[in-house]
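Visitor: What follows is the file coords-v9.cif, containing mmCIF, C-alpha atoms:
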data_target
#
loop_
_atom_site.group_PDB
_atom_site.id
_atom_site.type_symbol
_atom_site.label_atom_id
_atom_site.label_comp_id
_atom_site.auth_asym_id
_atom_site.auth_seq_id
_atom_site.Cartn_x
_atom_site.Cartn_y
_atom_site.Cartn_z
ATOM 1 C CA MET N 1 48.823 -5.802 7.451
ATOM 2 C CA PHE N 2 47.808 -6.803 10.945
ATOM 3 C CA LEU N 3 45.125 -9.141 9.581
ATOM 4 C CA ASN N 4 47.614 -10.660 7.104
ATOM 5 C CA SER N 5 50.074 -11.496 9.831
ATOM 6 C CA LEU N 6 47.344 -13.060 12.002
ATOM 7 C CA LEU N 7 46.158 -15.303 9.182
ATOM 8 C CA ILE N 8 49.682 -16.346 8.323
ATOM 9 C CA GLY N 9 50.275 -17.297 11.918
ATOM 10 C CA ALA N 10 47.030 -19.282 12.082
ATOM 11 C CA ALA N 11 47.729 -21.043 8.812
ATOM 12 C CA ALA N 12 51.243 -22.028 9.925
ATOM 13 C CA SER N 13 50.021 -23.590 13.171
ATOM 14 C CA ALA N 14 46.787 -25.228 11.918
ATOM 15 C CA LEU N 15 47.912 -26.316 8.431
ATOM 16 C CA PRO N 16 47.311 -30.072 8.872
ATOM 17 C CA GLU N 17 43.627 -29.500 9.823
ATOM 18 C CA SER N 18 42.941 -26.702 7.319
ATOM 19 C CA HIS N 19 40.526 -28.916 5.298
ATOM 20 C CA LEU N 20 38.360 -29.373 8.440
ATOM 21 C CA ILE N 21 38.094 -25.645 9.226
ATOM 22 C CA VAL N 22 35.063 -24.130 7.436
ATOM 23 C CA HIS N 23 36.048 -20.789 5.893
ATOM 24 C CA ARG N 24 33.211 -18.235 5.846
ATOM 25 C CA LEU N 25 32.632 -16.625 2.479
ATOM 26 C CA VAL N 26 31.550 -13.378 4.146
ATOM 27 C CA ALA N 27 33.199 -11.913 7.221
ATOM 28 C CA LYS N 28 31.281 -11.962 10.455
ATOM 29 C CA THR N 29 30.428 -8.334 11.256
ATOM 30 C CA SER N 30 27.869 -6.699 13.498
ATOM 31 C CA LEU N 31 25.405 -6.726 10.578
ATOM 32 C CA THR N 32 25.632 -10.386 9.487
ATOM 33 C CA SER N 33 22.928 -11.525 11.883
ATOM 34 C CA PRO N 34 19.923 -9.324 12.769
ATOM 35 C CA PRO N 35 19.693 -7.836 16.283
ATOM 36 C CA TRP N 36 16.545 -9.830 17.062
ATOM 37 C CA PRO N 37 16.776 -13.492 18.110
ATOM 38 C CA GLU N 38 16.217 -15.932 15.293
ATOM 39 C CA VAL N 39 12.673 -17.281 15.185
ATOM 40 C CA LYS N 40 11.246 -20.273 13.346
ATOM 41 C CA LEU N 41 7.587 -20.199 12.436
ATOM 42 C CA PRO N 42 5.657 -23.480 12.653
ATOM 43 C CA ASP N 43 4.972 -25.538 9.535
ATOM 44 C CA PRO N 44 2.186 -23.893 7.465
ATOM 45 C CA VAL N 45 0.481 -27.212 6.612
ATOM 46 C CA GLU N 46 0.324 -28.332 10.225
ATOM 47 C CA GLU N 47 -0.757 -24.874 11.250
ATOM 48 C CA ALA N 48 -3.621 -24.914 8.756
ATOM 49 C CA LYS N 49 -4.793 -28.242 10.169
ATOM 50 C CA TYR N 50 -4.596 -26.914 13.729
ATOM 51 C CA HIS N 51 -6.521 -23.770 12.761
ATOM 52 C CA ALA N 52 -9.275 -25.813 11.090
ATOM 53 C CA GLU N 53 -9.575 -27.979 14.207
ATOM 54 C CA VAL N 54 -9.852 -24.978 16.505
ATOM 55 C CA VAL N 55 -12.455 -23.317 14.270
ATOM 56 C CA GLN N 56 -14.519 -26.515 14.201
ATOM 57 C CA LYS N 57 -14.387 -26.846 17.990
ATOM 58 C CA VAL N 58 -15.465 -23.228 18.501
ATOM 59 C CA ASN N 59 -18.299 -23.704 15.986
ATOM 60 C CA GLU N 60 -19.491 -26.741 17.944
ATOM 61 C CA MET N 61 -19.338 -24.847 21.218
ATOM 62 C CA ILE N 62 -21.374 -21.985 19.772
ATOM 63 C CA ALA N 63 -23.894 -24.363 18.206
ATOM 64 C CA THR N 64 -24.429 -26.307 21.434
ATOM 65 C CA GLY N 65 -24.567 -23.097 23.452
ATOM 66 C CA GLN N 66 -21.705 -23.816 25.863
ATOM 67 C CA TYR N 67 -20.957 -20.182 26.585
ATOM 68 C CA GLY N 68 -21.991 -18.138 29.582
ATOM 69 C CA ARG N 69 -22.242 -14.365 29.430
ATOM 70 C CA LEU N 70 -21.089 -12.804 26.164
ATOM 71 C CA PHE N 71 -19.355 -9.455 25.974
ATOM 72 C CA ALA N 72 -18.859 -7.429 22.814
ATOM 73 C CA VAL N 73 -16.849 -4.405 21.761
ATOM 74 C CA VAL N 74 -19.045 -2.193 19.601
ATOM 75 C CA HIS N 75 -18.150 0.958 17.685
ATOM 76 C CA PHE N 76 -21.069 3.337 18.222
ATOM 77 C CA ALA N 77 -21.371 7.151 18.157
ATOM 78 C CA SER N 78 -17.671 7.461 17.265
ATOM 79 C CA LYS N 79 -16.730 5.681 20.499
ATOM 80 C CA GLN N 80 -15.961 2.086 21.372
ATOM 81 C CA TRP N 81 -17.971 0.473 24.127
ATOM 82 C CA LYS N 82 -17.487 -2.805 25.937
ATOM 83 C CA ILE N 83 -21.019 -4.083 26.455
ATOM 84 C CA THR N 84 -22.791 -7.115 27.864
ATOM 85 C CA SER N 85 -26.505 -7.838 28.011
ATOM 86 C CA GLU N 86 -28.651 -5.723 30.401
ATOM 87 C CA ASP N 87 -26.156 -2.857 30.066
ATOM 88 C CA LEU N 88 -26.906 0.878 30.084
ATOM 89 C CA ILE N 89 -25.076 3.161 27.674
ATOM 90 C CA MET N 90 -25.264 6.938 27.554
ATOM 91 C CA MET N 91 -24.350 8.866 24.411
ATOM 92 C CA ASP N 92 -23.666 12.577 24.344
ATOM 93 C CA ASN N 93 -25.695 13.235 21.199
ATOM 94 C CA VAL N 94 -29.087 12.804 19.577
ATOM 95 C CA LEU N 95 -30.253 9.547 18.029
ATOM 96 C CA GLU N 96 -33.037 9.736 15.435
ATOM 97 C CA ALA N 97 -35.111 7.072 17.087
ATOM 98 C CA GLU N 98 -38.052 7.382 19.469
ATOM 99 C CA CYS N 99 -38.035 6.058 23.006
ATOM 100 C CA GLY N 100 -38.764 2.354 22.961
ATOM 101 C CA ASP N 101 -37.327 1.667 19.489
ATOM 102 C CA ARG N 102 -35.245 -1.466 19.060
ATOM 103 C CA ILE N 103 -31.888 -0.848 17.410
ATOM 104 C CA ARG N 104 -29.494 -3.375 15.936
ATOM 105 C CA MET N 105 -25.840 -2.373 16.331
ATOM 106 C CA GLU N 106 -23.611 -3.312 13.470
ATOM 107 C CA LYS N 107 -19.851 -2.547 13.572
ATOM 108 C CA VAL N 108 -18.934 -5.149 16.175
ATOM 109 C CA LEU N 109 -15.176 -5.314 16.712
ATOM 110 C CA LEU N 110 -14.816 -8.164 19.192
ATOM 111 C CA VAL N 111 -17.055 -10.784 20.769
ATOM 112 C CA GLY N 112 -15.947 -12.912 23.670
ATOM 113 C CA ALA N 113 -17.094 -15.478 26.177
ATOM 114 C CA ASP N 114 -15.261 -17.350 28.881
ATOM 115 C CA ASP N 115 -13.452 -19.880 26.696
ATOM 116 C CA PHE N 116 -13.163 -18.191 23.297
ATOM 117 C CA THR N 117 -13.018 -14.743 21.704
ATOM 118 C CA LEU N 118 -13.761 -13.764 18.132
ATOM 119 C CA ILE N 119 -11.555 -10.868 17.072
ATOM 120 C CA GLY N 120 -12.670 -8.982 13.992
ATOM 121 C CA ARG N 121 -10.287 -7.606 11.383
ATOM 122 C CA PRO N 122 -11.439 -4.922 11.899
ATOM 123 C CA LEU N 123 -15.158 -5.776 12.005
ATOM 124 C CA LEU N 124 -17.012 -9.054 12.491
ATOM 125 C CA GLY N 125 -19.584 -10.176 9.951
ATOM 126 C CA LYS N 126 -23.236 -9.297 10.368
ATOM 127 C CA ASP N 127 -24.202 -12.946 9.975
ATOM 128 C CA LEU N 128 -21.986 -13.850 12.946
ATOM 129 C CA VAL N 129 -23.062 -11.453 15.721
ATOM 130 C CA ARG N 130 -26.308 -9.701 16.552
ATOM 131 C CA VAL N 131 -26.457 -6.921 19.168
ATOM 132 C CA GLU N 132 -29.878 -5.514 20.031
ATOM 133 C CA ALA N 133 -30.540 -2.359 22.049
ATOM 134 C CA THR N 134 -33.546 -0.243 23.032
ATOM 135 C CA VAL N 135 -33.692 3.530 23.455
ATOM 136 C CA VAL N 136 -34.642 4.131 27.096
ATOM 137 C CA GLU N 137 -34.653 7.896 27.526
ATOM 138 C CA LYS N 138 -33.562 11.087 25.820
ATOM 139 C CA THR N 139 -32.567 13.871 28.192
ATOM 140 C CA GLU N 140 -30.259 16.833 28.445
ATOM 141 C CA SER N 141 -27.044 16.783 30.438
ATOM 142 C CA TRP N 142 -26.477 18.723 33.634
ATOM 143 C CA PRO N 143 -25.721 22.427 32.964
ATOM 144 C CA LYS N 144 -22.000 22.657 32.259
ATOM 145 C CA ILE N 145 -20.467 26.104 32.612
ATOM 146 C CA ASN N 146 -18.060 27.401 29.983
ATOM 147 C CA MET N 147 -16.227 30.451 31.301
ATOM 148 C CA ARG N 148 -13.402 32.462 29.793
ATOM 149 C CA PHE N 149 -11.616 35.155 31.757
ATOM 150 C CA TRP N 150 -8.565 37.328 31.105
ATOM 151 C CA LYS N 151 -7.281 39.208 34.094
ATOM 152 C CA ARG N 152 -6.778 42.952 34.030
ATOM 153 C CA HIS N 153 -8.586 43.187 30.657
ATOM 154 C CA ASN N 154 -12.187 43.360 31.851
ATOM 155 C CA TYR N 155 -13.030 40.286 29.763
ATOM 156 C CA GLN N 156 -15.233 37.482 30.964
ATOM 157 C CA ARG N 157 -17.729 35.346 29.057
ATOM 158 C CA LYS N 158 -19.999 32.772 30.664
ATOM 159 C CA LYS N 159 -21.998 30.191 28.720
ATOM 160 C CA ILE N 160 -24.136 27.371 30.040
ATOM 161 C CA ILE N 161 -24.071 24.267 27.838
ATOM 162 C CA MET N 162 -26.581 21.435 28.101
ATOM 163 C CA ASN N 163 -25.894 18.577 25.672
ATOM 164 C CA PRO N 164 -28.701 16.294 24.580
ATOM 165 C CA GLN N 165 -28.081 12.749 25.763
ATOM 166 C CA THR N 166 -29.558 9.389 24.840
ATOM 167 C CA VAL N 167 -29.621 6.339 27.090
ATOM 168 C CA LEU N 168 -29.665 2.888 25.511
ATOM 169 C CA ARG N 169 -30.242 -0.471 27.166
ATOM 170 C CA ILE N 170 -28.478 -3.425 25.530
ATOM 171 C CA ASN N 171 -30.958 -6.268 25.380
ATOM 172 C CA THR N 172 -29.108 -9.232 23.881
ATOM 173 C CA ILE N 173 -25.889 -10.276 22.212
ATOM 174 C CA GLU N 174 -26.228 -13.390 20.038
ATOM 175 C CA ILE N 175 -23.658 -15.311 18.027
ATOM 176 C CA PHE N 176 -24.319 -17.829 15.268
ATOM 177 C CA PRO N 177 -22.075 -20.778 14.360
ATOM 178 C CA CYS N 178 -21.049 -19.705 10.880
ATOM 179 C CA LEU N 179 -17.266 -19.614 11.194
ATOM 180 C CA SER N 180 -15.102 -20.953 8.391
ATOM 181 C CA LYS R 1 -23.197 41.572 54.348
ATOM 182 C CA PRO R 2 -23.983 38.755 51.935
ATOM 183 C CA GLN R 3 -25.235 40.142 48.614
ATOM 184 C CA TRP R 4 -26.902 37.993 45.983
ATOM 185 C CA GLU R 5 -24.686 35.163 44.902
ATOM 186 C CA LEU R 6 -24.837 31.778 43.236
ATOM 187 C CA PRO R 7 -24.917 28.730 45.545
ATOM 188 C CA GLY R 8 -21.421 27.860 44.350
ATOM 189 C CA PRO R 9 -18.652 28.034 46.895
ATOM 190 C CA GLU R 10 -20.115 26.157 49.846
ATOM 191 C CA HIS R 11 -17.339 23.583 49.900
ATOM 192 C CA PHE R 12 -14.424 26.021 49.496
ATOM 193 C CA ARG R 13 -11.848 26.564 52.174
ATOM 194 C CA GLY R 14 -11.505 29.627 54.389
ATOM 195 C CA ARG R 15 -13.346 32.927 53.951
ATOM 196 C CA LYS R 16 -14.056 32.136 50.283
ATOM 197 C CA ASN R 17 -17.210 30.312 51.334
ATOM 198 C CA ARG R 18 -18.498 33.274 53.427
ATOM 199 C CA CYS R 19 -17.354 36.636 52.047
ATOM 200 C CA TYR R 20 -18.936 37.785 48.778
ATOM 201 C CA LYS R 21 -15.939 39.573 47.267
ATOM 202 C CA LEU R 22 -13.585 36.657 47.788
ATOM 203 C CA ALA R 23 -16.255 34.157 46.752
ATOM 204 C CA VAL R 24 -16.859 35.889 43.414
ATOM 205 C CA ARG R 25 -13.187 35.667 42.502
ATOM 206 C CA SER R 26 -12.774 32.065 43.563
ATOM 207 C CA VAL R 27 -15.957 30.929 41.788
ATOM 208 C CA ARG R 28 -14.829 32.620 38.593
ATOM 209 C CA ARG R 29 -11.449 30.900 38.818
ATOM 210 C CA ALA R 30 -13.163 27.590 39.491
ATOM 211 C CA PHE R 31 -15.302 27.884 36.333
ATOM 212 C CA VAL R 32 -12.323 28.823 34.165
ATOM 213 C CA LYS R 33 -10.253 25.955 35.545
ATOM 214 C CA SER R 34 -13.052 23.475 34.914
ATOM 215 C CA THR R 35 -13.411 24.538 31.272
ATOM 216 C CA LYS R 36 -9.674 24.144 30.698
ATOM 217 C CA ALA R 37 -9.592 20.843 32.559
ATOM 218 C CA ARG R 38 -12.291 19.388 30.307
ATOM 219 C CA ARG R 39 -9.825 19.642 27.425
ATOM 220 C CA GLU R 40 -6.904 18.276 29.442
ATOM 221 C CA LYS R 41 -8.924 15.346 30.732
ATOM 222 C CA LYS R 42 -8.839 13.691 27.319
ATOM 223 C CA ARG R 43 -5.036 13.872 27.178
ATOM 224 C CA PHE R 44 -4.697 12.684 30.749
ATOM 225 C CA LEU R 45 -6.972 9.684 30.271
ATOM 226 C CA ARG R 46 -5.168 8.629 27.101
ATOM 227 C CA ALA R 47 -1.833 8.704 28.922
ATOM 228 C CA LEU R 48 -3.378 6.604 31.695
ATOM 229 C CA TRP R 49 -4.638 4.005 29.226
ATOM 230 C CA ILE R 50 -1.238 3.843 27.552
ATOM 231 C CA THR R 51 0.476 3.237 30.894
ATOM 232 C CA ARG R 52 -1.951 0.452 31.722
ATOM 233 C CA ILE R 53 -1.549 -1.218 28.335
ATOM 234 C CA GLU R 54 2.225 -1.009 28.677
ATOM 235 C CA ALA R 55 2.147 -2.690 32.089
ATOM 236 C CA ALA R 56 -0.173 -5.440 30.873
ATOM 237 C CA SER R 57 1.822 -6.156 27.720
ATOM 238 C CA LEU R 58 5.086 -6.307 29.688
ATOM 239 C CA GLU R 59 3.514 -9.069 31.756
ATOM 240 C CA HIS R 60 3.148 -11.014 28.519
ATOM 241 C CA GLY R 61 6.673 -10.209 27.352
ATOM 242 C CA LEU R 62 5.960 -7.471 24.807
ATOM 243 C CA LYS R 63 6.740 -3.789 24.869
ATOM 244 C CA TYR R 64 4.033 -1.202 24.230
ATOM 245 C CA PRO R 65 5.276 0.107 20.828
ATOM 246 C CA ALA R 66 5.715 -3.451 19.513
ATOM 247 C CA PHE R 67 2.261 -4.448 20.807
ATOM 248 C CA ILE R 68 0.362 -1.491 19.370
ATOM 249 C CA SER R 69 2.150 -1.389 16.005
ATOM 250 C CA ASN R 70 1.691 -5.120 15.421
ATOM 251 C CA LEU R 71 -1.976 -4.964 16.400
ATOM 252 C CA LEU R 72 -2.549 -2.151 13.923
ATOM 253 C CA LYS R 73 -0.675 -4.039 11.203
ATOM 254 C CA SER R 74 -2.959 -7.038 11.742
ATOM 255 C CA GLN R 75 -5.944 -4.727 11.139
ATOM 256 C CA VAL R 76 -7.365 -4.921 14.659
ATOM 257 C CA GLU R 77 -8.719 -1.439 15.310
ATOM 258 C CA LEU R 78 -9.406 -1.412 19.017
ATOM 259 C CA ASN R 79 -8.627 1.894 20.640
ATOM 260 C CA ARG R 80 -6.535 2.325 23.721
ATOM 261 C CA LYS R 81 -9.454 2.758 26.083
ATOM 262 C CA MET R 82 -10.858 -0.600 25.015
ATOM 263 C CA ILE R 83 -7.545 -2.427 25.189
ATOM 264 C CA ALA R 84 -6.968 -1.039 28.688
ATOM 265 C CA ASP R 85 -10.468 -2.155 29.776
ATOM 266 C CA LEU R 86 -9.915 -5.585 28.252
ATOM 267 C CA ALA R 87 -6.589 -5.907 30.046
ATOM 268 C CA ILE R 88 -8.316 -5.181 33.351
ATOM 269 C CA TYR R 89 -11.513 -7.181 33.007
ATOM 270 C CA GLU R 90 -10.757 -9.838 30.358
ATOM 271 C CA PRO R 91 -7.224 -11.119 30.900
ATOM 272 C CA LYS R 92 -7.621 -14.120 28.607
ATOM 273 C CA THR R 93 -8.665 -11.911 25.708
ATOM 274 C CA PHE R 94 -5.693 -9.649 26.340
ATOM 275 C CA LYS R 95 -3.374 -12.646 26.336
ATOM 276 C CA SER R 96 -4.703 -13.721 22.949
ATOM 277 C CA LEU R 97 -4.214 -10.171 21.614
ATOM 278 C CA ALA R 98 -0.626 -10.199 22.874
ATOM 279 C CA ALA R 99 -0.017 -13.569 21.194
ATOM 280 C CA LEU R 100 -1.439 -12.185 17.936
ATOM 281 C CA ALA R 101 0.871 -9.172 18.125
ATOM 282 C CA GLN R 102 3.887 -11.396 18.868
ATOM 283 C CA ARG R 103 3.150 -13.656 15.902
ATOM 284 C CA ARG R 104 2.729 -10.687 13.554
ATOM 285 C CA ARG R 105 6.031 -9.301 14.857
ATOM 286 C CA GLN R 106 7.873 -12.507 14.048
ATOM 287 C CA GLU R 107 6.356 -12.636 10.579
ATOM 288 C CA GLY R 108 7.517 -9.049 10.091
ATOM 289 C CA PHE R 109 11.063 -10.004 11.080
ATOM 290 C CA LEU R 110 11.100 -12.892 8.645
ATOM 291 C CA ALA R 111 9.738 -10.694 5.866
ATOM 292 C CA ALA R 112 12.389 -8.057 6.606
ATOM 293 C CA LEU R 113 15.210 -10.598 6.328
ATOM 294 C CA GLY R 114 14.117 -11.679 2.854
ATOM 295 C CA ASP R 115 15.982 -14.492 1.066
ATOM 296 C CA GLY R 116 19.325 -14.094 2.751
ATOM 297 C CA LYS R 117 21.020 -13.707 -0.631
ATOM 298 C CA GLU R 118 22.994 -10.682 -1.772
ATOM 299 C CA PRO R 119 21.609 -8.293 -4.409
ATOM 300 C CA ASP R 120 22.475 -8.947 -8.077
ATOM 301 C CA GLY R 121 25.862 -7.942 -9.309
ATOM 302 C CA ILE R 122 27.406 -7.697 -5.850
ATOM 303 C CA PHE R 123 29.481 -10.269 -4.063
ATOM 304 C CA SER R 124 31.549 -10.055 -0.896
ATOM 305 C CA ARG R 125 34.353 -12.425 0.060
ATOM 306 C CA ILE R 126 37.097 -12.515 2.634
ATOM 307 C CA VAL R 127 40.559 -12.381 1.091
ATOM 308 C CA HIS R 128 43.054 -14.826 2.572
ATOM 309 C CA HIS R 129 46.719 -14.006 2.231
ATOM 310 C CA TYR R 130 49.036 -16.994 2.573
#
Could you write out this file's structure as structure tokens?
Guide:
Amino acid sequence: MFLNSLLIGAAASALPESHLIVHRLVAKTSLTSPPWPEVKLPDPVEEAKYHAEVVQKVNEMIATGQYGRLFAVVHFASKQWKITSEDLIMMDNVLEAECGDRIRMEKVLLVGADDFTLIGRPLLGKDLVRVEATVVEKTESWPKINMRFWKRHNYQRKKIIMNPQTVLRINTIEIFPCLS
Amino acid sequence: KPQWELPGPEHFRGRKNRCYKLAVRSVRRAFVKSTKARREKKRFLRALWITRIEAASLEHGLKYPAFISNLLKSQVELNRKMIADLAIYEPKTFKSLAALAQRRRQEGFLAALGDGKEPDGIFSRIVHHY
């Protein structure tokens, strides 16, 4: 009833210009527009052109060798490492390779230089990156003490744990200009 | 009189580093605390990385849940330790990751809105009484 009377009042006062007022088909509630600000994505055709340009430029840069030091994010021994060349990495487990063996690390997640980064979804191709490492030494960790103790129950257990560790030296990270 | 003991408590405070009885108890407590702390360290470090990633993504105008969820939806599987290290040592890379997450977020919003039309068989109108 309240709404009816409002509209009647509005119609009576603004009747001459009623053909200029745009009547909404649906009422404006709190759910008509989403709570996030409206966003317009750029034109897909132009975007495709821009992407192709960028990819070509990066390919040229890689081919001419205009990058300095490369860093890579590698998934190795169930951990992710951020590595560069001449880096030392220590793993808390055994690797079935003798000291002095060269190892090629696949499962590269990210490669970057100063001006560009190549982000893998989730991994980068094997024909794009090559990470080489050498096994330097295989040792045991320092003796860690595992002790459990309950008070007033005469219960204590002591165990000395020494994990085998492997140390790797990252020799090189290379990228090849085969982007598309 | 000092009986046989491990060379453990030299850096402890007070009579724990001199008297055998007190030293035994404090060394035992130290071992137990270190074993428990080794399990807590993982939780603590993860919370630290999350705080760092949140701070870095706020600098680029994104909140942490939006950043992480959009990165995962775009199939980038970097873990939090790596993203925190990248945010510290490779700021340009982190900026590109934030831009990727923002773009994926906007695409998600557009996909959620759909056509903008109403479902079939339903219409809604305002009724004007004159």
Visitor: Which residues are near R:His60? Cut-off 9 Å, all atoms listed in the file, ignore same chain within fewer than 2 positions. Put them as an mmCIF file with C-alpha atoms, in the frame of the given file.
Guide:
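What follows is the written file part01.cif:
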data_model
loop_
_atom_site.group_PDB
_atom_site.id
_atom_site.type_symbol
_atom_site.label_atom_id
_atom_site.label_comp_id
_atom_site.auth_asym_id
_atom_site.auth_seq_id
_atom_site.Cartn_x
_atom_site.Cartn_y
_atom_site.Cartn_z
ATOM 1 C CA ALA R 56 -0.173 -5.440 30.873
ATOM 2 C CA SER R 57 1.822 -6.156 27.720
ATOM 3 C CA LEU R 58 5.086 -6.307 29.688
ATOM 4 C CA LEU R 62 5.960 -7.471 24.807
ATOM 5 C CA LYS R 63 6.740 -3.789 24.869
ATOM 6 C CA LYS R 95 -3.374 -12.646 26.336
ATOM 7 C CA ALA R 98 -0.626 -10.199 22.874
ATOM 8 C CA ALA R 99 -0.017 -13.569 21.194
#
Visitor: Run the PyMOL selection byres ((chain N and resi 109) around 12) against the file shown and list the residues it catches, as a count of residues only.
Guide: 39
Visitor: Around (3.9, -11.2, 15.5), as given in the file, which residues come within 10 Å? Count all atoms listed in the file and list them as a list in words.
Guide: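 The residues near that point, listed by chain and number, are Ala66, Phe67, Ser69, Asn70, Leu71, Lys73, Ser74, Ala98, Ala99, Leu100, Ala101, Gln102, Arg103, Arg104, Arg105, Gln106, Glu107, Gly108 and Phe109 of chain R.
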Visitor: Go through the shown structure with the PyMOL selection byres ((chain N and resi 39) around 9) and write out the matching residues as a PyMOL selection string.
Guide: (chain N and resi 36-38+40-41) or (chain R and resi 106+109-110)
Visitor: For chain N, work out the contacting residues on chain R at 10 Å, counting all atoms listed in the file, and write them as a PyMOL selection string.
Guide: chain R and resi 28-36+38+72+74-83+85-86+90+92-93+96-97+103+106-107+109-110+112-113+116+123-130
Visitor: Go ahead and compute the interatomic distance for atom CA of R:Glu54 and atom CA of R:Pro91, in Å to one decimal.
Guide: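 Between atom CA of R:Glu54 and atom CA of R:Pro91 the gap works out to 14.0 Å.
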Visitor: For the provided coordinates, the residues matched by the PyMOL selection byres ((chain N and resi 92) around 9) should be stated as a list in words.
Guide: Ala77, Met90, Met91, Asn93, Val94, Glu140, Ser141, Asn163, Pro164, Gln165 and Thr166 of chain N
Visitor: Report, as JSON, the centre and edge lengths in Å (one decimal) of the axis-aligned box enclosing every listed atom of stretch 120-129 of chain R, padded by 4 Å on each side.
Guide:
{"center_x": 34.6, "center_y": -11.3, "center_z": -3.3, "size_x": 32.2, "size_y": 15.1, "size_z": 19.9}
Visitor: Give me the residues within 12 Å of stretch 51-57 of chain N as a list in words, counting all atoms listed in the file and dropping any in the same chain fewer than 2 places off.
Guide: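 Contacts, in chain order: Pro44, Val45, Glu46, Glu47, Ala48, Lys49, Asn59, Glu60, Met61, Ile62, Ala63, Thr64, Gln66, Asp115, Phe116, Thr117, Leu118, Pro177, Cys178, Leu179 and Ser180 of chain N.
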Visitor: What's the separation between atom CA of N:Asp127 and atom CA of N:Glu174, in Å to one decimal place?
Guide: 10.3 Å
Visitor: In Å to one decimal, how far is atom CA of N:Val136 from atom CA of N:Ile170?
Guide: 9.9 Å
Visitor: Got a sec: who's within 10 Å of R:Lys16, counting only C-alpha atoms, leaving out chain neighbours fewer than 6 positions off, as a list in words?
Guide: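 The neighbour list is Pro9, Glu10, Leu22, Ala23, Val24, Arg25, Ser26 and Val27 of chain R.
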Visitor: Please fill the gaps in stretch 54-58 of chain N so it has all heavy atoms, and write that as a short mmCIF file (atom, residue, chain, number, x, y, z; two decimals), in the frame of the given file.
Guide:
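What follows is the written file selection.cif:
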data_model
loop_
_atom_site.label_atom_id
_atom_site.label_comp_id
_atom_site.auth_asym_id
_atom_site.auth_seq_id
_atom_site.Cartn_x
_atom_site.Cartn_y
_atom_site.Cartn_z
N VAL N 54 -9.40 -25.95 15.50
CA VAL N 54 -9.85 -24.98 16.50
C VAL N 54 -11.17 -24.34 16.07
O VAL N 54 -12.10 -24.19 16.86
CB VAL N 54 -8.77 -23.89 16.73
CG1 VAL N 54 -9.32 -22.73 17.52
CG2 VAL N 54 -7.58 -24.48 17.45
N VAL N 55 -11.24 -23.98 14.77
CA VAL N 55 -12.46 -23.32 14.27
C VAL N 55 -13.65 -24.25 14.41
O VAL N 55 -14.75 -23.84 14.81
CB VAL N 55 -12.24 -22.89 12.80
CG1 VAL N 55 -13.56 -22.62 12.12
CG2 VAL N 55 -11.37 -21.66 12.73
N GLN N 56 -13.40 -25.56 14.10
CA GLN N 56 -14.52 -26.52 14.20
C GLN N 56 -14.99 -26.66 15.65
O GLN N 56 -16.19 -26.67 15.94
CB GLN N 56 -14.03 -27.85 13.68
CG GLN N 56 -15.12 -28.76 13.21
CD GLN N 56 -14.75 -30.21 13.45
OE1 GLN N 56 -13.67 -30.51 13.96
NE2 GLN N 56 -15.64 -31.09 13.12
N LYS N 57 -14.02 -26.72 16.57
CA LYS N 57 -14.39 -26.85 17.99
C LYS N 57 -15.22 -25.67 18.45
O LYS N 57 -16.24 -25.81 19.13
CB LYS N 57 -13.10 -26.89 18.84
CG LYS N 57 -12.69 -28.26 19.26
CD LYS N 57 -11.64 -28.14 20.34
CE LYS N 57 -10.94 -29.48 20.49
NZ LYS N 57 -9.78 -29.39 21.37
N VAL N 58 -14.75 -24.44 18.06
CA VAL N 58 -15.46 -23.23 18.50
C VAL N 58 -16.88 -23.20 17.91
O VAL N 58 -17.85 -22.85 18.59
CB VAL N 58 -14.67 -21.95 18.10
CG1 VAL N 58 -15.48 -20.72 18.37
CG2 VAL N 58 -13.38 -21.89 18.88
#
